[in-house]
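What follows is a short report on a single structure.
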Amino acid sequence: MKRLLFLSVALLASCSSTPELVQTDECAGTTELPADFQSLFSEVEDAALLNSALGSANNGKLCQGQVYQLNADASLTLFRAWNSTNPYSRMGAWWALQKPAGSIAQYRSDYEICYQWSALDALVSCELKPGTKVVIGNGQSAQCSQYLTYPVSAALQVYLPDADQSMINCSTAEAVFFWQ
C-alpha cells in the first residue's frame with residue numbers, strides 16, 4: 001500500500017501544469033576580442049565596472065565579460081539600435097562592435113533584447129573616445145515573457161554605462177519598412 005501511495009504521489013508531481021525553466025550557468029563564446037579589434041584595446045582591471053555589466057540567468061546583461069580600455073591612438077565606431085519613441089534610450093549602455101545586419105528577430109536573439117525593452121527602430125553610430133573603459137562580453141539569457149526566453153549568446157556586446165560622455169561624432173539613422 002505504501003508503495004502504491006508513493007507511486008501515485010510521484011505521478012501527480014510529474015504531471016504539474018507549471019512549466020519549469022531549465023537554465024545553465026554556462027556562458028557561450030569567449031571574451032577574447034576578434035583579431036581586427038585586438039590592437040585597439042588593452043585589458044585592464046576594474047571590478048566595479050565588470051560587476052555592473054554582469055547579469056543573472058534570465059535577466060539579461062552579460063554572462064561573462066572582460067574590461068578593456070581603448071588605446072590613446074585608436075579610433076573605433078560602435079553601434080546601438082534603440083527605441084526612437086524614447087529619446088533617452090539613444091545613448092544607452094549596450095552597444096555592438098559591428099553595424100547590425102540581417103533580421104531584427106536574429107539581432108534580438110543575438111543580443112538578448114526583449115521586445116518590451118526596445119522597438120529597435122533607430123540606429124546611432126558613434127566614435128568611442130580614446131582612453132574609455134568598456135566591458136566586452138557575451139550576453140546572459142533573458143526571459144521576456146512566459147513564452148519567450150533568449151538563451152545565452154556567443155555574440156560580443158559592449159557595455160558602456162556613460163555613453164553620453166564617452167562618445168563623439170554620433171549620427172542617427174531611422175528604420176524603414178523593408179519586407180523580403
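Naming scheme: A, B, ... for chains in displayed order of the C-alpha cells; residues 1 onward per chain; ligands 1 onward as shown.
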
Name the residues of range 44-105 of chain A that fall into strand (DSSP E or B) according to DSSP on the backbone, using the chain letters and numbers of this document, as a list in words.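 Put together, the selection reads Leu54, Asn59, Leu62, Cys63, Gln64, Gly65, Gln66, Val67, Tyr68, Gln69, Leu70, Thr77, Leu78, Phe79, Arg80, Ala81, Trp82, Trp94, Trp95 and Ala96 of chain A.
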
Just list as a PyMOL selection string whatever in range 11-91 of chain A DSSP marks as alpha helix (DSSP H). chain A and resi 11-14+35-38+47-53

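The gap separating CA of Asp162 in chain A from CA of Asn138 in chain A is 19.6 Å, in Å to one decimal.
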
With only C-alpha atoms as the basis for distance, which of A:Cys144, A:Ala96, A:Val67, A:Met91 is at the shortest distance from Ala48 in chain A? A:Val67

Using 12 Å as the limit and counting only C-alpha atoms, can you tabulate each residue of range 48-122 of chain A that touches range 149-160 of chain A, with its shortest atom-to-atom distance in Å and the two atoms involved, as a tab-separated table?
residue	atom	partner	partner_atom	distance
A:Leu49	CA	A:Tyr159	CA	9.0
A:Leu50	CA	A:Tyr159	CA	9.0
A:Asn51	CA	A:Tyr159	CA	11.0
A:Ser52	CA	A:Tyr159	CA	9.1
A:Ala53	CA	A:Tyr159	CA	6.4
A:Leu54	CA	A:Tyr159	CA	9.6
A:Gly55	CA	A:Val152	CA	10.9
A:Ser56	CA	A:Val152	CA	10.7
A:Ala57	CA	A:Val152	CA	8.4
A:Asn58	CA	A:Thr149	CA	7.3
A:Asn59	CA	A:Thr149	CA	9.8
A:Gly60	CA	A:Val152	CA	8.7
A:Lys61	CA	A:Tyr159	CA	8.5
A:Leu62	CA	A:Gln157	CA	7.9
A:Cys63	CA	A:Val152	CA	7.1
A:Gln64	CA	A:Leu156	CA	9.9
A:Gly65	CA	A:Gln157	CA	9.0
A:Gln66	CA	A:Val158	CA	9.9
A:Val67	CA	A:Tyr159	CA	9.3
A:Tyr68	CA	A:Val158	CA	9.9
A:Gln69	CA	A:Leu160	CA	11.1
A:Leu70	CA	A:Leu160	CA	11.9
A:Thr77	CA	A:Val158	CA	11.6
A:Leu78	CA	A:Val158	CA	8.4
A:Phe79	CA	A:Val158	CA	9.4
A:Arg80	CA	A:Val158	CA	9.7
A:Met91	CA	A:Leu160	CA	9.3
A:Gly92	CA	A:Leu160	CA	7.8
A:Ala93	CA	A:Leu160	CA	4.7
A:Trp94	CA	A:Tyr159	CA	5.0
A:Trp95	CA	A:Val158	CA	4.9
A:Ala96	CA	A:Gln157	CA	5.3
A:Leu97	CA	A:Val158	CA	7.1
A:Gln98	CA	A:Leu156	CA	9.6
A:Lys99	CA	A:Gln157	CA	11.9
A:Pro100	CA	A:Ala155	CA	11.9
A:Ala105	CA	A:Tyr150	CA	11.0
A:Gln106	CA	A:Tyr150	CA	10.7
A:Tyr107	CA	A:Ala155	CA	9.7
A:Arg108	CA	A:Tyr150	CA	8.5
A:Ser109	CA	A:Tyr150	CA	6.0
A:Asp110	CA	A:Ala155	CA	5.8
A:Tyr111	CA	A:Ala155	CA	6.8
A:Glu112	CA	A:Tyr150	CA	5.7
A:Ile113	CA	A:Tyr150	CA	8.3
A:Cys114	CA	A:Tyr150	CA	8.3
A:Tyr115	CA	A:Thr149	CA	11.2

Shortest interatomic distance to Trp117 in chain A - which of A:Ala163, A:Ile136, A:Val44, A:Ala142, counting only C-alpha atoms: A:Ala142

Nearest to Ala28 in chain A among A:Ser141, A:Gln116, A:Thr85, A:Ser125, with distances taken over only C-alpha atoms: which residue is it?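 With only C-alpha atoms as the atom set, the closest residue is A:Ser141.
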
List the spatial neighbours of Leu76 in chain A as a list in words - criterion: any atom at most 8 Å away, only C-alpha atoms, same-chain residues fewer than 5 positions off excluded.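 Within the cut-off, the hits are Leu40, Glu127 and Leu128 of chain A.
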
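One finds CA of Ala101 in chain A at 28.3 Å from CA of Asp73 in chain A.
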
From the set A:Ser89, A:Asn169, A:Ser42, A:Thr31, which residue has the shortest atom-to-atom contact distance to Asn71 in chain A, counting only C-alpha atoms?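 With only C-alpha atoms as the atom set, the closest residue is A:Ser42.
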
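One finds CA of Trp82 in chain A at 15.0 Å from CA of Ser103 in chain A.
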
When distances are computed from only C-alpha atoms, which of A:Tyr88, A:Trp179, A:Gln143, A:Val135 shows the smallest separation from Asp164 in chain A?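 Closest to Asp164 in chain A of all the choices is A:Tyr88.
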